[in-house]
Amino acid sequence: QELTSKGITPADDYVFQLDEELKQCAEKELRETDTIRKPAIEAIRKWLVQHPKILTTRLDASFILRFLRNKKFSVPMTQEGIERYLLLRKVRNGEMFANLDMKEPAIADLLDLGYIFALPERDHLGRRVIMHRPGVFNLQKHKNYDMLKVHALTYESLLEDEENQIRGFVYVVDAAKIGLQHLTLFTPQEAVRIAKNAERTVPMRHKKLIAFNINSSLKFAVDFGISLVSEKFKKRVILCTNLERANRYIDNNLLPAEYGGLMPMAEMIKLFKKELEDKQPVILQNDHMNLRLDMYPPEALEGSLGAINRACGIQKDSMGSTFHGMQGSFRKLEVD
């Protein structure tokens with residue numbers, strides 16, 4: 001009865017249906033085995049149902065597994081991750097996650113522009129590659145929360161694919177046309193919160209980020225952004241002056257034809273929109289996940305990761321502190 005009242009999706013019996021190579025990958029990289037998986041899912045379900053602050057949530061295995069896989073099947077860390085995620089969805093009245101309807105005019109426009117989209121082919125390690133073109137963001141036309149929503153729509157939709165949960169993601173960023181005006185979209189405090197929550201709260205395996213066409217005048221902003229992520233992820237960031245150098249790190253056949261690849265970008269965007277459309281029912285249903293917001297402090301509902309951690313009973317962030325302030329503690333990344 002408790003499962004029925006709290007679950008917006010049923011507690012299904014999970015069967016691993018991916019191929020043997022993925023099964024071995026999950027075991028090697030994520031410690032996932034048939035023996036470990038079932039009791040871990042059951043433990044998380046029981047915790048969700050008994051949690052006094054969680055009113056309604058998804059209970060299907062795919063939802064729970066994205067967090068277990070992200071935390072390599074540590075049940076306590078998975079519990080932290082799920083509560084942080086559910087709370088993040090409600091930050092600033094759901095500004096980032098609520099109503100991720102791809103037909104909303106602002107979201108539809110950013111998708112059509114190719115602001116962000118997943119390439120149709122996986123890389124040589126089977127990972128989905130997400131292309132991001134922030135320079136096409138029109139500051140006169142779009143709001144900063146439009147940017148957050150289209151990112152959330154992309155990530156949430158891709159996480160519905162179990163192979164993506166296991167293999168992780170590669171990001172390719174064309175930084176052309178980004179100017180100082182783009183830095184006014186968010187305050188430094190907002191930028192800190194977005195960067196930290198993006199890495200630590202959304203249950204994605206970030207495997208590599210390759211950025212190119214970086215304006216040298218924005219190097220200080222890049223250094224600031226890099227300072228906000230974990231040391232582990234910093235080592236996976238590659239900055240390049242141009243596309244030619246970036247091609248050393250990614251197969252350019254995967255990229256749109258406009259970047260030296262095989263398929264026109266418009267066709268890639270069309271395919272990705274179809275992928276998003278197929279996932280819309282479950283993505284919009286996620287809005288029915290709810291918490292007892294009166295049991296959380298105002299700072300947590302503004303997106304402060306420290307406040308979110310404290311509200312979730314986390315004494316110390318499992319990833320450690322990564323933001324060291326402005327006093328020369330940035331780890332400088334060389335630009336190739």
# chains A, B, ... in the order shown; residues from 1 in each chain; ligands from 1
call {"tool": "select_by_dssp", "arguments": {"residues": "range 206-327 of chain A", "states": "strand (DSSP E)", "output": "ChimeraX atom specification"}}
result
/A:206-212,237-239,290-291
call {"tool": "closest_atom_pairs", "arguments": {"of": "range 157-203 of chain A", "to": "range 273-297 of chain A", "cutoff": "12 Å", "atoms": "only C-alpha atoms", "output": "Markdown table"}}
result
| residue | atom | partner | partner_atom | distance |
| --- | --- | --- | --- | --- |
| A:Ser157 | CA | A:Lys279 | CA | 6.0 |
| A:Leu158 | CA | A:Leu276 | CA | 8.2 |
| A:Leu159 | CA | A:Lys279 | CA | 10.1 |
| A:Glu160 | CA | A:Lys279 | CA | 7.7 |
| A:Asp161 | CA | A:Lys279 | CA | 9.8 |
call {"tool": "closest_residue", "arguments": {"among": "A:Ala61, A:Leu125, A:Val15, A:Leu30", "to": "Arg45 in chain A", "atoms": "only C-alpha atoms"}}
result
A:Ala61
call {"tool": "closest_atom_pairs", "arguments": {"of": "range 141-224 of chain A", "to": "range 116-120 of chain A", "cutoff": "8 Å", "atoms": "only C-alpha atoms", "output": "CSV"}}
result
residue,atom,partner,partner_atom,distance
A:Val150,CA,A:Ile116,CA,7.7
A:His151,CA,A:Ile116,CA,7.3
A:Thr154,CA,A:Phe117,CA,7.2
call {"tool": "closest_residue", "arguments": {"among": "A:Gly114, A:Pro39, A:Gly179, A:Pro105", "to": "Met131 in chain A", "atoms": "only C-alpha atoms"}}
result
A:Gly114
call {"tool": "atom_distance", "arguments": {"atom1": "CA of Met96 in chain A", "atom2": "CA of Thr201 in chain A"}}
result
12.9 Å
call {"tool": "closest_residue", "arguments": {"among": "A:Leu301, A:Val136, A:Ala175, A:Ile44", "to": "Arg66 in chain A", "atoms": "only C-alpha atoms"}}
result
A:Ile44
call {"tool": "select_by_dssp", "arguments": {"residues": "range 234-284 of chain A", "states": "alpha helix (DSSP H)", "output": "VMD selection string"}}
result
chain A and resid 234 243 to 246 265 to 284
call {"tool": "residues_around", "arguments": {"residues": "Ala43 in chain A", "least_positions_apart": "5", "cutoff": "9 Å", "atoms": "only C-alpha atoms", "output": "ChimeraX atom specification"}}
result
/A:38,48,75
call {"tool": "closest_residue", "arguments": {"among": "A:Leu68, A:Lys143, A:Arg248, A:Pro10", "to": "Ile107 in chain A", "atoms": "only C-alpha atoms"}}
result
A:Lys143
call {"tool": "residues_around", "arguments": {"residues": "Asp146 in chain A", "least_positions_apart": "2", "cutoff": "12 Å", "atoms": "only C-alpha atoms", "output": "JSON, numbers by chain"}}
result
{"A": [95, 96, 97, 98, 99, 100, 101, 102, 104, 105, 106, 107, 108, 109, 110, 111, 115, 137, 138, 139, 141, 142, 143, 144, 148, 149, 150, 151, 152, 153, 185]}
call {"tool": "residues_around", "arguments": {"residues": "Ala11 in chain A", "least_positions_apart": "2", "cutoff": "8 Å", "atoms": "only C-alpha atoms", "output": "number ranges by chain"}}
result
A: 3, 7, 9, 13, 45, 59-61
call {"tool": "closest_residue", "arguments": {"among": "A:Ser62, A:Ser216, A:Gln79, A:Asn164", "to": "Asp12 in chain A", "atoms": "only C-alpha atoms"}}
result
A:Ser62
call {"tool": "atom_distance", "arguments": {"atom1": "CA of Glu162 in chain A", "atom2": "CA of Leu18 in chain A"}}
result
8.3 Å
call {"tool": "decode", "arguments": {"residues": "range 143-159 of chain A", "atoms": "N, CA, C and O atoms", "output": "mmCIF file, in the first residue's frame"}}
result
data_model
loop_
_atom_site.group_PDB
_atom_site.id
_atom_site.type_symbol
_atom_site.label_atom_id
_atom_site.label_comp_id
_atom_site.auth_asym_id
_atom_site.auth_seq_id
_atom_site.Cartn_x
_atom_site.Cartn_y
_atom_site.Cartn_z
ATOM 1 N N LYS A 143 15.786 33.797 -21.906
ATOM 2 C CA LYS A 143 16.073 34.032 -20.488
ATOM 3 C C LYS A 143 17.051 32.981 -19.977
ATOM 4 O O LYS A 143 17.170 31.902 -20.560
ATOM 5 N N ASN A 144 17.730 33.298 -18.871
ATOM 6 C CA ASN A 144 18.708 32.333 -18.357
ATOM 7 C C ASN A 144 18.058 31.010 -17.952
ATOM 8 O O ASN A 144 18.662 29.949 -18.104
ATOM 9 N N TYR A 145 16.807 31.050 -17.483
ATOM 10 C CA TYR A 145 16.174 29.793 -17.100
ATOM 11 C C TYR A 145 15.782 28.956 -18.324
ATOM 12 O O TYR A 145 15.597 27.743 -18.211
ATOM 13 N N ASP A 146 15.651 29.592 -19.510
ATOM 14 C CA ASP A 146 15.441 28.810 -20.732
ATOM 15 C C ASP A 146 16.649 27.912 -20.983
ATOM 16 O O ASP A 146 16.511 26.760 -21.396
ATOM 17 N N MET A 147 17.836 28.466 -20.736
ATOM 18 C CA MET A 147 19.075 27.708 -20.890
ATOM 19 C C MET A 147 19.089 26.513 -19.945
ATOM 20 O O MET A 147 19.396 25.381 -20.335
ATOM 21 N N LEU A 148 18.731 26.743 -18.682
ATOM 22 C CA LEU A 148 18.730 25.666 -17.694
ATOM 23 C C LEU A 148 17.742 24.577 -18.082
ATOM 24 O O LEU A 148 18.025 23.383 -17.962
ATOM 25 N N LYS A 149 16.577 24.972 -18.561
ATOM 26 C CA LYS A 149 15.539 23.999 -18.900
ATOM 27 C C LYS A 149 15.938 23.106 -20.067
ATOM 28 O O LYS A 149 15.693 21.891 -20.043
ATOM 29 N N VAL A 150 16.551 23.678 -21.099
ATOM 30 C CA VAL A 150 16.893 22.849 -22.252
ATOM 31 C C VAL A 150 18.032 21.889 -21.911
ATOM 32 O O VAL A 150 18.091 20.764 -22.421
ATOM 33 N N HIS A 151 18.925 22.293 -21.010
ATOM 34 C CA HIS A 151 19.940 21.362 -20.507
ATOM 35 C C HIS A 151 19.268 20.234 -19.720
ATOM 36 O O HIS A 151 19.579 19.049 -19.919
ATOM 37 N N ALA A 152 18.363 20.597 -18.812
ATOM 38 C CA ALA A 152 17.691 19.592 -17.993
ATOM 39 C C ALA A 152 16.903 18.618 -18.859
ATOM 40 O O ALA A 152 16.935 17.399 -18.635
ATOM 41 N N LEU A 153 16.197 19.131 -19.858
ATOM 42 C CA LEU A 153 15.439 18.274 -20.775
ATOM 43 C C LEU A 153 16.360 17.279 -21.475
ATOM 44 O O LEU A 153 16.050 16.080 -21.570
ATOM 45 N N THR A 154 17.500 17.756 -21.937
ATOM 46 C CA THR A 154 18.464 16.894 -22.629
ATOM 47 C C THR A 154 18.984 15.804 -21.705
ATOM 48 O O THR A 154 18.958 14.614 -22.037
ATOM 49 N N TYR A 155 19.454 16.194 -20.532
ATOM 50 C CA TYR A 155 20.072 15.233 -19.616
ATOM 51 C C TYR A 155 19.049 14.227 -19.081
ATOM 52 O O TYR A 155 19.319 13.023 -19.033
ATOM 53 N N GLU A 156 17.885 14.709 -18.674
ATOM 54 C CA GLU A 156 16.866 13.817 -18.143
ATOM 55 C C GLU A 156 16.438 12.786 -19.192
ATOM 56 O O GLU A 156 16.237 11.607 -18.887
ATOM 57 N N SER A 157 16.280 13.234 -20.428
ATOM 58 C CA SER A 157 15.848 12.323 -21.496
ATOM 59 C C SER A 157 16.904 11.273 -21.784
ATOM 60 O O SER A 157 16.594 10.079 -21.936
ATOM 61 N N LEU A 158 18.165 11.674 -21.851
ATOM 62 C CA LEU A 158 19.238 10.727 -22.147
ATOM 63 C C LEU A 158 19.444 9.726 -21.011
ATOM 64 O O LEU A 158 19.853 8.586 -21.245
ATOM 65 N N LEU A 159 19.154 10.131 -19.793
ATOM 66 C CA LEU A 159 19.318 9.224 -18.654
ATOM 67 C C LEU A 159 18.255 8.122 -18.621
ATOM 68 O O LEU A 159 18.387 7.159 -17.860
#
